[in-house]
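Chemist: Below is structure.json; it holds JSON, C-alpha atoms.
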[["chain", "number", "residue", "atom", "x", "y", "z"],
["A", 1, "MET", "CA", 28.10, -13.62, -0.34],
["A", 2, "ARG", "CA", 26.58, -15.60, 2.52],
["A", 3, "LYS", "CA", 26.96, -12.58, 4.83],
["A", 4, "ILE", "CA", 25.23, -10.35, 2.27],
["A", 5, "ALA", "CA", 22.39, -12.86, 1.88],
["A", 6, "LEU", "CA", 21.95, -13.07, 5.64],
["A", 7, "ALA", "CA", 21.97, -9.29, 5.93],
["A", 8, "LEU", "CA", 19.30, -8.98, 3.23],
["A", 9, "ALA", "CA", 17.21, -11.65, 4.91],
["A", 10, "TRP", "CA", 17.45, -9.82, 8.24],
["A", 11, "LEU", "CA", 16.52, -6.52, 6.58],
["A", 12, "CYS", "CA", 13.45, -8.01, 4.91],
["A", 13, "ALA", "CA", 12.37, -9.67, 8.16],
["A", 14, "SER", "CA", 12.78, -6.51, 10.20],
["A", 15, "THR", "CA", 11.23, -4.03, 7.72],
["A", 16, "PRO", "CA", 7.39, -3.80, 7.80],
["A", 17, "LEU", "CA", 5.89, -4.88, 4.51],
["A", 18, "ALA", "CA", 3.50, -2.48, 2.79],
["A", 19, "ASP", "CA", -0.14, -3.26, 3.42],
["A", 20, "ALA", "CA", -1.56, -4.87, 0.26],
["A", 21, "THR", "CA", -5.08, -3.77, 1.21],
["A", 22, "GLN", "CA", -6.65, -1.47, -1.38],
["A", 23, "VAL", "CA", -7.83, 1.86, 0.05],
["A", 24, "TRP", "CA", -10.92, 3.69, -1.13],
["A", 25, "PHE", "CA", -11.60, 7.29, -0.12],
["A", 26, "MET", "CA", -15.17, 8.59, 0.09],
["A", 27, "PRO", "CA", -15.32, 12.13, 1.51],
["A", 28, "ASN", "CA", -18.37, 14.32, 1.93],
["A", 29, "ASP", "CA", -19.09, 16.61, -1.00],
["A", 30, "ASN", "CA", -20.78, 19.99, -1.28],
["A", 31, "ILE", "CA", -23.91, 18.91, -3.18],
["A", 32, "PRO", "CA", -27.19, 19.65, -1.32],
["A", 33, "ARG", "CA", -29.61, 16.74, -1.31],
["A", 34, "GLY", "CA", -32.81, 15.46, 0.25],
["A", 35, "VAL", "CA", -35.03, 17.58, 2.46],
["A", 36, "HIS", "CA", -32.12, 19.56, 3.97],
["A", 37, "ARG", "CA", -31.11, 21.29, 0.76],
["A", 38, "ASP", "CA", -29.79, 24.29, 2.68],
["A", 39, "ILE", "CA", -27.08, 22.16, 4.34],
["A", 40, "VAL", "CA", -23.74, 21.87, 2.55],
["A", 41, "LEU", "CA", -21.77, 19.16, 4.27],
["A", 42, "ASN", "CA", -18.16, 19.87, 3.24],
["A", 43, "HIS", "CA", -17.66, 23.20, 1.50],
["A", 44, "ASP", "CA", -14.01, 22.42, 0.73],
["A", 45, "PHE", "CA", -14.77, 19.34, -1.41],
["A", 46, "PRO", "CA", -13.97, 21.13, -4.72],
["A", 47, "HIS", "CA", -10.52, 22.04, -3.38],
["A", 48, "LEU", "CA", -9.60, 18.37, -3.18],
["A", 49, "PHE", "CA", -9.05, 18.67, -6.94],
["A", 50, "ASP", "CA", -7.01, 21.88, -7.05],
["A", 51, "SER", "CA", -3.88, 21.90, -9.21],
["A", 52, "ASP", "CA", -1.81, 22.34, -6.04],
["A", 53, "PRO", "CA", -3.91, 20.25, -3.59],
["A", 54, "GLN", "CA", -3.54, 20.28, 0.17],
["A", 55, "TRP", "CA", -3.45, 16.51, 0.35],
["A", 56, "SER", "CA", -1.27, 13.75, -1.08],
["A", 57, "ALA", "CA", -2.26, 10.63, 0.87],
["A", 58, "ARG", "CA", -2.10, 7.49, -1.22],
["A", 59, "THR", "CA", -5.50, 6.48, -2.58],
["A", 60, "ASP", "CA", -6.40, 3.59, -4.88],
["A", 61, "VAL", "CA", -10.06, 4.41, -5.52],
["A", 62, "PHE", "CA", -11.92, 7.70, -5.01],
["A", 63, "GLN", "CA", -15.70, 7.37, -4.64],
["A", 64, "ILE", "CA", -18.16, 10.13, -5.40],
["A", 65, "SER", "CA", -21.79, 10.22, -4.30],
["A", 66, "PRO", "CA", -24.91, 9.63, -6.41],
["A", 67, "ALA", "CA", -25.73, 13.29, -5.71],
["A", 68, "LEU", "CA", -22.60, 14.41, -7.58],
["A", 69, "SER", "CA", -22.74, 11.84, -10.38],
["A", 70, "GLY", "CA", -26.51, 12.30, -10.79],
["A", 71, "PRO", "CA", -28.48, 14.76, -12.95],
["A", 72, "GLU", "CA", -27.81, 17.73, -10.63],
["A", 73, "GLY", "CA", -24.06, 17.17, -10.37],
["A", 74, "PRO", "CA", -22.31, 20.21, -11.90],
["A", 75, "GLU", "CA", -20.52, 19.30, -15.12],
["A", 76, "ASP", "CA", -17.54, 21.52, -14.37],
["A", 77, "GLU", "CA", -17.00, 19.84, -11.00],
["A", 78, "LEU", "CA", -17.32, 16.35, -12.47],
["A", 79, "LEU", "CA", -14.74, 17.20, -15.12],
["A", 80, "ARG", "CA", -12.31, 18.54, -12.50],
["A", 81, "VAL", "CA", -12.71, 15.35, -10.45],
["A", 82, "ASN", "CA", -12.12, 13.17, -13.48],
["A", 83, "ALA", "CA", -9.04, 15.06, -14.67],
["A", 84, "PHE", "CA", -7.47, 15.13, -11.21],
["A", 85, "LEU", "CA", -7.91, 11.41, -10.59],
["A", 86, "LYS", "CA", -6.82, 10.41, -14.07],
["A", 87, "GLN", "CA", -3.61, 12.42, -13.76],
["A", 88, "ARG", "CA", -2.80, 10.65, -10.50],
["A", 89, "HIS", "CA", -3.84, 7.15, -11.65],
["A", 90, "ILE", "CA", -6.61, 6.93, -9.03],
["A", 91, "LYS", "CA", -9.64, 4.86, -10.04],
["A", 92, "LEU", "CA", -13.05, 6.55, -9.93],
["A", 93, "ALA", "CA", -16.08, 4.93, -8.31],
["A", 94, "THR", "CA", -19.57, 6.29, -7.90],
["A", 95, "GLY", "CA", -22.37, 5.35, -5.59],
["A", 96, "VAL", "CA", -25.46, 4.05, -7.36],
["A", 97, "LEU", "CA", -29.11, 3.79, -6.36],
["A", 98, "ALA", "CA", -29.34, 0.46, -8.10],
["A", 99, "THR", "CA", -32.50, -1.36, -7.09],
["A", 100, "LEU", "CA", -35.17, -0.76, -9.72],
["A", 101, "MET", "CA", -38.73, -0.01, -8.71],
["A", 102, "ASP", "CA", -41.69, -1.03, -10.89],
["A", 103, "GLU", "CA", -42.96, 2.31, -12.18],
["A", 104, "PRO", "CA", -41.00, 4.97, -14.13],
["A", 105, "LYS", "CA", -42.94, 7.58, -12.15],
["A", 106, "PRO", "CA", -43.69, 5.74, -8.89],
["A", 107, "PRO", "CA", -46.52, 6.98, -6.67],
["A", 108, "PRO", "CA", -45.68, 7.68, -3.01],
["A", 109, "THR", "CA", -47.50, 4.47, -2.08],
["A", 110, "GLU", "CA", -45.26, 2.18, -4.12],
["A", 111, "CYS", "CA", -42.90, 0.06, -2.07],
["A", 112, "GLY", "CA", -39.40, 1.43, -2.24],
["A", 113, "TYR", "CA", -40.58, 5.02, -2.57],
["A", 114, "GLY", "CA", -38.37, 7.24, -0.42],
["A", 115, "ILE", "CA", -36.18, 4.31, 0.62],
["A", 116, "GLU", "CA", -32.42, 4.58, 0.22],
["A", 117, "GLY", "CA", -31.03, 2.79, -2.79],
["A", 118, "SER", "CA", -34.21, 2.58, -4.88],
["A", 119, "ARG", "CA", -34.49, 4.11, -8.36],
["A", 120, "PRO", "CA", -37.24, 4.19, -11.02],
["A", 121, "PRO", "CA", -36.39, 2.20, -14.14],
["A", 122, "GLY", "CA", -34.60, 4.10, -16.91],
["A", 123, "GLN", "CA", -32.94, 6.72, -14.70],
["A", 124, "ASP", "CA", -29.58, 5.00, -14.31],
["A", 125, "GLU", "CA", -29.34, 4.62, -18.08],
["A", 126, "LEU", "CA", -29.82, 8.38, -18.56],
["A", 127, "ILE", "CA", -27.42, 9.31, -15.75],
["A", 128, "PHE", "CA", -24.58, 7.14, -17.02],
["A", 129, "ARG", "CA", -25.16, 8.13, -20.63],
["A", 130, "ARG", "CA", -24.51, 11.72, -19.50],
["A", 131, "LEU", "CA", -21.39, 10.70, -17.56],
["A", 132, "LYS", "CA", -20.09, 8.85, -20.61],
["A", 133, "ARG", "CA", -20.72, 11.92, -22.79],
["A", 134, "LEU", "CA", -18.67, 13.98, -20.33],
["A", 135, "GLY", "CA", -15.81, 11.51, -20.62],
["A", 136, "MET", "CA", -15.99, 10.33, -17.00],
["A", 137, "ASP", "CA", -13.73, 7.32, -16.40],
["A", 138, "ILE", "CA", -16.02, 5.29, -14.14],
["A", 139, "ALA", "CA", -14.18, 2.16, -13.00],
["A", 140, "TYR", "CA", -16.49, 0.98, -10.19],
["A", 141, "LEU", "CA", -20.16, 1.09, -9.29],
["A", 142, "SER", "CA", -20.88, 0.99, -5.57],
["A", 143, "LEU", "CA", -24.42, -0.32, -5.00],
["A", 144, "ASP", "CA", -26.27, 1.20, -2.06],
["A", 145, "GLU", "CA", -27.22, -1.81, 0.12],
["A", 146, "PRO", "CA", -29.75, -3.44, -2.22],
["A", 147, "LEU", "CA", -30.11, -6.58, -0.09],
["A", 148, "PHE", "CA", -30.58, -4.72, 3.19],
["A", 149, "PHE", "CA", -33.01, -2.07, 1.99],
["A", 150, "ASN", "CA", -35.10, -4.32, -0.26],
["A", 151, "HIS", "CA", -35.15, -7.57, 1.68],
["A", 152, "PHE", "CA", -34.44, -6.91, 5.37],
["A", 153, "TYR", "CA", -35.64, -3.33, 5.86],
["A", 154, "GLN", "CA", -39.02, -3.14, 7.66],
["A", 155, "GLY", "CA", -39.75, 0.61, 7.78],
["A", 156, "ARG", "CA", -42.27, 2.68, 5.85],
["A", 157, "ASN", "CA", -42.77, 1.56, 2.22],
["A", 158, "ALA", "CA", -40.61, -1.51, 2.84],
["A", 159, "CYS", "CA", -40.73, -3.96, -0.05],
["A", 160, "ARG", "CA", -39.42, -7.12, 1.64],
["A", 161, "HIS", "CA", -38.74, -8.60, -1.80],
["A", 162, "ALA", "CA", -37.50, -12.16, -2.04],
["A", 163, "ILE", "CA", -33.71, -12.34, -2.40],
["A", 164, "ALA", "CA", -33.97, -13.55, -5.99],
["A", 165, "ASP", "CA", -36.22, -10.59, -6.84],
["A", 166, "VAL", "CA", -33.82, -8.09, -5.28],
["A", 167, "ALA", "CA", -31.01, -9.65, -7.33],
["A", 168, "ARG", "CA", -33.07, -9.37, -10.51],
["A", 169, "ARG", "CA", -33.78, -5.68, -9.84],
["A", 170, "ALA", "CA", -30.16, -4.87, -9.03],
["A", 171, "ALA", "CA", -28.91, -6.75, -12.09],
["A", 172, "ALA", "CA", -31.40, -4.85, -14.27],
["A", 173, "ALA", "CA", -30.05, -1.54, -12.95],
["A", 174, "VAL", "CA", -26.47, -2.61, -13.65],
["A", 175, "ALA", "CA", -27.53, -3.68, -17.16],
["A", 176, "GLU", "CA", -28.82, -0.14, -17.78],
["A", 177, "ILE", "CA", -25.44, 1.27, -16.75],
["A", 178, "ARG", "CA", -23.43, -1.24, -18.78],
["A", 179, "LYS", "CA", -24.96, 0.21, -21.95],
["A", 180, "SER", "CA", -22.54, 3.10, -21.40],
["A", 181, "TYR", "CA", -19.87, 1.36, -19.29],
["A", 182, "PRO", "CA", -19.74, -2.29, -20.39],
["A", 183, "ASP", "CA", -16.57, -3.09, -18.43],
["A", 184, "VAL", "CA", -17.41, -1.34, -15.16],
["A", 185, "ARG", "CA", -16.81, -3.35, -11.98],
["A", 186, "VAL", "CA", -19.63, -3.76, -9.50],
["A", 187, "GLU", "CA", -19.04, -3.44, -5.75],
["A", 188, "ASP", "CA", -21.94, -4.10, -3.36],
["A", 189, "ASP", "CA", -22.25, -2.30, -0.03],
["A", 190, "GLU", "CA", -24.22, -4.25, 2.57],
["A", 191, "ALA", "CA", -25.10, -3.92, 6.25],
["A", 192, "PRO", "CA", -25.48, -7.30, 7.98],
["A", 193, "PRO", "CA", -28.81, -7.05, 9.83],
["A", 194, "PRO", "CA", -29.37, -8.11, 13.47],
["A", 195, "ILE", "CA", -30.58, -11.62, 12.62],
["A", 196, "PRO", "CA", -29.27, -15.00, 13.82],
["A", 197, "LEU", "CA", -25.82, -15.76, 12.45],
["A", 198, "ALA", "CA", -26.98, -18.95, 10.72],
["A", 199, "GLN", "CA", -29.72, -17.03, 8.89],
["A", 200, "TRP", "CA", -27.25, -14.34, 7.84],
["A", 201, "ARG", "CA", -24.92, -16.99, 6.41],
["A", 202, "ASP", "CA", -27.77, -18.58, 4.44],
["A", 203, "ASP", "CA", -29.23, -15.29, 3.20],
["A", 204, "PHE", "CA", -25.93, -13.68, 2.25],
["A", 205, "GLY", "CA", -24.79, -16.78, 0.39],
["A", 206, "ALA", "CA", -28.15, -16.91, -1.41],
["A", 207, "TRP", "CA", -27.78, -13.23, -2.32],
["A", 208, "LEU", "CA", -24.37, -13.64, -3.96],
["A", 209, "THR", "CA", -25.61, -16.67, -5.88],
["A", 210, "ALA", "CA", -28.83, -14.96, -6.98],
["A", 211, "TYR", "CA", -27.01, -11.86, -8.20],
["A", 212, "ARG", "CA", -24.47, -13.92, -10.16],
["A", 213, "GLU", "CA", -27.29, -15.83, -11.84],
["A", 214, "ALA", "CA", -29.33, -12.69, -12.58],
["A", 215, "ALA", "CA", -26.39, -10.60, -13.86],
["A", 216, "GLY", "CA", -24.43, -13.36, -15.57],
["A", 217, "ALA", "CA", -21.35, -12.48, -13.52],
["A", 218, "PRO", "CA", -20.53, -12.18, -9.81],
["A", 219, "PHE", "CA", -19.90, -8.97, -7.93],
["A", 220, "ASP", "CA", -16.31, -7.82, -8.11],
["A", 221, "ALA", "CA", -16.43, -6.97, -4.40],
["A", 222, "VAL", "CA", -18.62, -6.45, -1.36],
["A", 223, "ALA", "CA", -18.03, -3.98, 1.48],
["A", 224, "PHE", "CA", -19.59, -4.37, 4.92],
["A", 225, "ASP", "CA", -21.06, -1.25, 6.51],
["A", 226, "VAL", "CA", -21.21, -1.88, 10.27],
["A", 227, "ASN", "CA", -20.92, -0.04, 13.54],
["A", 228, "LEU", "CA", -17.31, -0.81, 14.47],
["A", 229, "PHE", "CA", -18.03, 0.03, 18.12],
["A", 230, "THR", "CA", -20.31, -3.00, 18.52],
["A", 231, "ASP", "CA", -19.71, -6.77, 18.27],
["A", 232, "TRP", "CA", -19.60, -6.80, 14.46],
["A", 233, "ARG", "CA", -16.94, -9.46, 13.97],
["A", 234, "PRO", "CA", -18.98, -12.70, 13.78],
["A", 235, "ARG", "CA", -21.30, -11.49, 11.00],
["A", 236, "VAL", "CA", -18.54, -9.79, 9.04],
["A", 237, "ALA", "CA", -16.16, -12.74, 9.38],
["A", 238, "ALA", "CA", -18.91, -15.03, 8.08],
["A", 239, "GLY", "CA", -19.65, -12.61, 5.23],
["A", 240, "VAL", "CA", -15.97, -12.40, 4.25],
["A", 241, "ALA", "CA", -15.67, -16.20, 4.13],
["A", 242, "ILE", "CA", -18.82, -16.53, 2.02],
["A", 243, "ALA", "CA", -17.71, -13.77, -0.36],
["A", 244, "ARG", "CA", -14.34, -15.39, -0.95],
["A", 245, "ARG", "CA", -15.94, -18.78, -1.59],
["A", 246, "ASN", "CA", -17.94, -17.04, -4.31],
["A", 247, "GLY", "CA", -14.89, -15.39, -5.86],
["A", 248, "VAL", "CA", -15.86, -11.95, -4.52],
["A", 249, "ARG", "CA", -13.37, -9.59, -2.85],
["A", 250, "ALA", "CA", -14.29, -8.47, 0.67],
["A", 251, "GLY", "CA", -13.90, -5.04, 2.25],
["A", 252, "ILE", "CA", -15.13, -2.95, 5.14],
["A", 253, "TYR", "CA", -16.13, 0.65, 5.75],
["A", 254, "ILE", "CA", -13.97, 2.57, 8.22],
["A", 255, "ILE", "CA", -16.48, 4.99, 9.69],
["A", 256, "LYS", "CA", -17.54, 6.18, 13.12],
["A", 257, "PRO", "CA", -21.03, 6.06, 14.64],
["A", 258, "GLY", "CA", -22.84, 9.38, 14.32],
["A", 259, "PRO", "CA", -21.34, 12.78, 13.60],
["A", 260, "GLY", "CA", -19.57, 13.28, 16.92],
["A", 261, "ALA", "CA", -19.61, 16.56, 18.84],
["A", 262, "SER", "CA", -16.53, 18.03, 17.14],
["A", 263, "ASP", "CA", -14.03, 17.43, 14.37],
["A", 264, "ALA", "CA", -11.38, 16.36, 16.88],
["A", 265, "GLN", "CA", -13.77, 13.88, 18.49],
["A", 266, "ALA", "CA", -14.69, 12.49, 15.08],
["A", 267, "VAL", "CA", -11.05, 11.93, 14.10],
["A", 268, "ALA", "CA", -10.40, 10.22, 17.44],
["A", 269, "ALA", "CA", -13.33, 7.91, 16.67],
["A", 270, "TYR", "CA", -11.87, 7.11, 13.25],
["A", 271, "LYS", "CA", -8.61, 6.07, 14.91],
["A", 272, "GLN", "CA", -10.59, 3.80, 17.25],
["A", 273, "ALA", "CA", -12.41, 2.34, 14.25],
["A", 274, "ILE", "CA", -9.12, 1.62, 12.47],
["A", 275, "ALA", "CA", -7.80, -0.05, 15.61],
["A", 276, "ALA", "CA", -10.96, -2.17, 15.85],
["A", 277, "VAL", "CA", -10.58, -3.40, 12.27],
["A", 278, "ASP", "CA", -6.91, -4.21, 12.86],
["A", 279, "ALA", "CA", -7.68, -6.00, 16.14],
["A", 280, "SER", "CA", -10.31, -8.19, 14.45],
["A", 281, "LYS", "CA", -7.54, -10.06, 12.57],
["A", 282, "ILE", "CA", -9.93, -10.37, 9.62],
["A", 283, "THR", "CA", -8.05, -9.94, 6.35],
["A", 284, "PHE", "CA", -9.80, -7.49, 4.03],
["A", 285, "ASP", "CA", -9.04, -6.93, 0.37],
["A", 286, "PHE", "CA", -9.94, -3.25, 0.69],
["A", 287, "VAL", "CA", -11.12, -0.64, 3.18],
["A", 288, "LYS", "CA", -13.35, 2.35, 2.49],
["A", 289, "ILE", "CA", -12.53, 5.46, 4.52],
["A", 290, "ALA", "CA", -15.77, 7.37, 4.30],
["A", 291, "ASN", "CA", -17.85, 10.12, 5.85],
["A", 292, "TRP", "CA", -21.44, 11.26, 5.40],
["A", 293, "THR", "CA", -21.98, 13.17, 8.65],
["A", 294, "LEU", "CA", -21.28, 16.72, 9.85],
["A", 295, "HIS", "CA", -17.91, 15.88, 11.41],
["A", 296, "PRO", "CA", -15.18, 16.13, 10.38],
["A", 297, "SER", "CA", -16.58, 19.30, 8.83],
["A", 298, "ALA", "CA", -13.51, 19.74, 6.61],
["A", 299, "ASN", "CA", -11.74, 17.43, 4.22],
["A", 300, "LEU", "CA", -8.63, 19.63, 4.08],
["A", 301, "PRO", "CA", -5.81, 20.21, 4.73],
["A", 302, "GLN", "CA", -4.15, 16.85, 5.28],
["A", 303, "SER", "CA", -1.70, 18.46, 7.72],
["A", 304, "GLU", "CA", -4.53, 19.47, 10.08],
["A", 305, "PRO", "CA", -5.32, 16.62, 12.54],
["A", 306, "THR", "CA", -9.07, 17.29, 12.44],
["A", 307, "THR", "CA", -9.77, 16.59, 8.75],
["A", 308, "LEU", "CA", -10.75, 13.53, 6.76],
["A", 309, "THR", "CA", -7.62, 13.60, 4.58],
["A", 310, "TYR", "CA", -5.65, 13.48, 7.84],
["A", 311, "VAL", "CA", -7.53, 10.25, 8.66],
["A", 312, "LEU", "CA", -6.64, 8.85, 5.23],
["A", 313, "ASP", "CA", -2.99, 9.78, 5.74],
["A", 314, "TYR", "CA", -3.04, 8.31, 9.26],
["A", 315, "TYR", "CA", -4.28, 4.98, 7.88],
["A", 316, "ASN", "CA", -1.52, 4.97, 5.27],
["A", 317, "ARG", "CA", 1.20, 5.86, 7.77],
["A", 318, "THR", "CA", 0.12, 3.15, 10.22],
["A", 319, "HIS", "CA", -0.21, 0.47, 7.53],
["A", 320, "GLY", "CA", 3.03, 0.84, 5.60],
["A", 321, "ARG", "CA", 1.45, 2.66, 2.65],
["A", 322, "GLU", "CA", 3.56, 5.83, 2.59]]
Would you write the structure of this file as structure tokens?
Modeler:
Amino acid sequence: MRKIALALAWLCASTPLADATQVWFMPNDNIPRGVHRDIVLNHDFPHLFDSDPQWSARTDVFQISPALSGPEGPEDELLRVNAFLKQRHIKLATGVLATLMDEPKPPPTECGYGIEGSRPPGQDELIFRRLKRLGMDIAYLSLDEPLFFNHFYQGRNACRHAIADVARRAAAAVAEIRKSYPDVRVEDDEAPPPIPLAQWRDDFGAWLTAYREAAGAPFDAVAFDVNLFTDWRPRVAAGVAIARRNGVRAGIYIIKPGPGASDAQAVAAYKQAIAAVDASKITFDFVKIANWTLHPSANLPQSEPTTLTYVLDYYNRTHGRE
């Protein structure tokens, strides 16, 4: 018996343990948006949900864009997404423009107009009422950088709201959505700005506190959106520590800077990004493998080493998640 116990102990010590990190997948879709409505980013997006799909990489959460979940998202495509994920026990998340402006029909001069993440009041309620009617199983909301775009951002129509005001506006948007999805979890995407580290610590801690007070509950999670080819570690490490002290899970986007010149170059950059996250020795509760640029230009097939599902599979294979 002692020999068997020793053998089992040796086997456990020598076999890599599966990575407990949750993996989110956020590929480009085929929904035109913004001023470039003639550009379709990834034409093969609908084929991710075929009955005999060309990918099988393990995924915990699949995130769709506000363009797909919004008023112009085709109902038939939304239903295919929902059925596919439900059958495979993959949670569904959607991006949300969740910082409310003041006017239901804001003039172009109102702060927040044309700025990423802002939404007139009442729109989220209508959007999620439609999704509920369709039977969409929304498990997570992914807020589009409310702190960065409404407090730190200094471009045209910048609001520069106080942190408490940003929290109030974000909480009001979430309250609209909870009328249809009362149990939905809220994940906040944020980009640490280039400010002194001490100020970032103070401001990010104040943000988590202000949102908890405004919403009556903390975020479920926060994901840091940074350029992984720069010195991102100090701000993200500080953010992770602050999040955990506030009972909030911490994650990071695995992305590459810019579109790259080719699909192969983009995938090589993803591998570098994964290596950078691993080398940081920061423990994350989840990672978000995402793309919103022209490369890789295809999501499929997983077997082709120039696609985004290949990147997802590569992460799984190199982190004991097969």
Chemist: Could you please determine the separation between CA of Phe49 (chain A) and CA of Gln87 (chain A) in Å, to one decimal place?
Modeler: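 Separation between CA of Phe49 (chain A) and CA of Gln87 (chain A): 10.7 Å.
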Chemist: Which residues, protein or nucleic acid, reach to within 7 Å of (-3.8, 16.2, 3.8) in the file's coordinates when using all atoms listed in the file, and can you give that as a ChimeraX atom specification?
Modeler: /A:54-57,300-303,309-310,313
Chemist: Quick one: distance from CA of Ala158 (chain A) to CA of Pro193 (chain A) in Å, one decimal?
Modeler: 14.8 Å
Chemist: What's the separation between CA of Arg169 (chain A) and CA of Leu147 (chain A), in Å to one decimal place?
Modeler: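 A separation of 10.5 Å between them.
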Chemist: With distances taken over all atoms listed in the file, which of A:Asn246, A:Ala175, A:Leu48, A:Ala223 is nearest to Gly205 (chain A)?
Modeler: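 When distances to Gly205 (chain A) are compared using all atoms listed in the file, the smallest one comes from A:Asn246.
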Chemist: Around the point (-17.5, 3.3, 6.2), in the coordinates given by the file, pick out the residues reaching within 7 Å, counting only C-alpha atoms, and return them as JSON, numbers by chain.
Modeler: {"A": [225, 252, 253, 254, 255, 288, 289, 290, 291]}
Chemist: Write out as a list in words which residues come within 10 Å of Leu308 (chain A) when counting all atoms listed in the file, dropping same-chain ones fewer than 2 positions away.
Modeler: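 Once the nearby chain positions are removed, what remains is Phe25, Met26, Pro27, Asn28, Asp263, Ala266, Val267, Tyr270, Ile289, Ala290, Asn291, His295, Pro296, Ser297, Ala298, Asn299, Leu300, Pro301, Gln302, Glu304, Pro305, Thr306, Tyr310, Val311, Leu312, Asp313 and Tyr314 of chain A.
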Chemist: Could you check which of A:Trp292, A:Lys281, A:Glu187, A:Ala268 is closest to Ala243 (chain A), using all atoms listed in the file?
Modeler: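 Looking only at the distances to Ala243 (chain A), the closest residue turns out to be A:Glu187.
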Chemist: Per residue of region 127-163 of chain A within 6 Å of region 95-109 of chain A, note the shortest atom pair and the distance in Å to one decimal, counting all atoms listed in the file, and order the rows by chain and increasing residue number, as a tab-separated table.
Modeler:
residue	atom	partner	partner_atom	distance
A:Ser142	CA	A:Gly95	CA	4.6
A:Leu143	CA	A:Val96	CA	5.1
A:Asp144	CA	A:Leu97	CA	5.8
A:Pro146	CA	A:Thr99	CA	6.0
Chemist: Let me see the file: selected residues, C-alpha atoms, as a CSV table (one decimal), keeping the file's coordinate frame.
Modeler:
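Final output, part16.csv:
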chain,number,residue,atom,x,y,z
A,142,SER,CA,-20.9,1.0,-5.6
A,143,LEU,CA,-24.4,-0.3,-5.0
A,144,ASP,CA,-26.3,1.2,-2.1
A,146,PRO,CA,-29.8,-3.4,-2.2
Chemist: Rank A:Gly122, A:Gly320, A:Pro32, A:Pro196 by their smallest atom-to-atom distance to Gly73 (chain A), using only C-alpha atoms, and report the top residue only.
Modeler: A:Pro32
Chemist: Just want the 7 Å neighbourhood of Gly251 (chain A), counted on all atoms listed in the file, with same-chain residues fewer than 3 positions away dropped. Output as a CSV table (one decimal) with C-alpha atoms, in the frame of the given file.
Modeler:
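What landed in selection32.csv:
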chain,number,residue,atom,x,y,z
A,222,VAL,CA,-18.6,-6.4,-1.4
A,223,ALA,CA,-18.0,-4.0,1.5
A,224,PHE,CA,-19.6,-4.4,4.9
A,284,PHE,CA,-9.8,-7.5,4.0
A,285,ASP,CA,-9.0,-6.9,0.4
A,286,PHE,CA,-9.9,-3.2,0.7
A,287,VAL,CA,-11.1,-0.6,3.2
Chemist: For each of A:Asp165, A:Ile31, A:Asp137, A:Tyr153, take the minimum atom-to-atom distance to Glu213 (chain A), counting only C-alpha atoms, then give the residue where this is smallest.
Modeler: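 Among the listed residues, A:Asp165 lies closest to Glu213 (chain A).
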Chemist: Smallest atom-to-atom distance to Val81 (chain A): which of A:Ile138, A:Ala221, A:Ile242, A:Ala170, using only C-alpha atoms?
Modeler: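 The answer is A:Ile138, which sits nearest to Val81 (chain A).
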Chemist: Between A:Pro182, A:Pro192, A:Pro121, A:Gly112, which one has atoms that come closest to Cys159 (chain A), using only C-alpha atoms?
Modeler: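 Of all the options, A:Gly112 lies closest to Cys159 (chain A).
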Chemist: Just add N, CA and C atoms to region 150-160 of chain A and send it as a CSV table (one decimal), in the coordinates of the input.
Modeler:
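Saved the output as selection.csv:
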chain,number,residue,atom,x,y,z
A,150,ASN,N,-34.0,-3.7,0.5
A,150,ASN,CA,-35.1,-4.3,-0.3
A,150,ASN,C,-35.5,-5.7,0.2
A,151,HIS,N,-34.7,-6.3,1.1
A,151,HIS,CA,-35.2,-7.6,1.7
A,151,HIS,C,-35.3,-7.5,3.2
A,152,PHE,N,-34.4,-6.9,3.9
A,152,PHE,CA,-34.4,-6.9,5.4
A,152,PHE,C,-35.2,-5.7,6.0
A,153,TYR,N,-35.1,-4.6,5.3
A,153,TYR,CA,-35.6,-3.3,5.9
A,153,TYR,C,-37.1,-3.5,6.1
A,154,GLN,N,-37.6,-3.0,7.3
A,154,GLN,CA,-39.0,-3.1,7.7
A,154,GLN,C,-39.7,-1.8,7.9
A,155,GLY,N,-39.1,-0.7,7.5
A,155,GLY,CA,-39.8,0.6,7.8
A,155,GLY,C,-40.8,0.9,6.8
A,156,ARG,N,-41.2,2.2,6.7
A,156,ARG,CA,-42.3,2.7,5.8
A,156,ARG,C,-41.9,2.4,4.4
A,157,ASN,N,-42.9,1.9,3.6
A,157,ASN,CA,-42.8,1.6,2.2
A,157,ASN,C,-41.8,0.4,2.0
A,158,ALA,N,-41.5,-0.4,3.0
A,158,ALA,CA,-40.6,-1.5,2.8
A,158,ALA,C,-41.2,-2.5,1.8
A,159,CYS,N,-40.3,-3.0,1.0
A,159,CYS,CA,-40.7,-4.0,0.0
A,159,CYS,C,-40.7,-5.4,0.4
A,160,ARG,N,-39.6,-5.8,1.2
A,160,ARG,CA,-39.4,-7.1,1.6
A,160,ARG,C,-39.4,-8.1,0.5
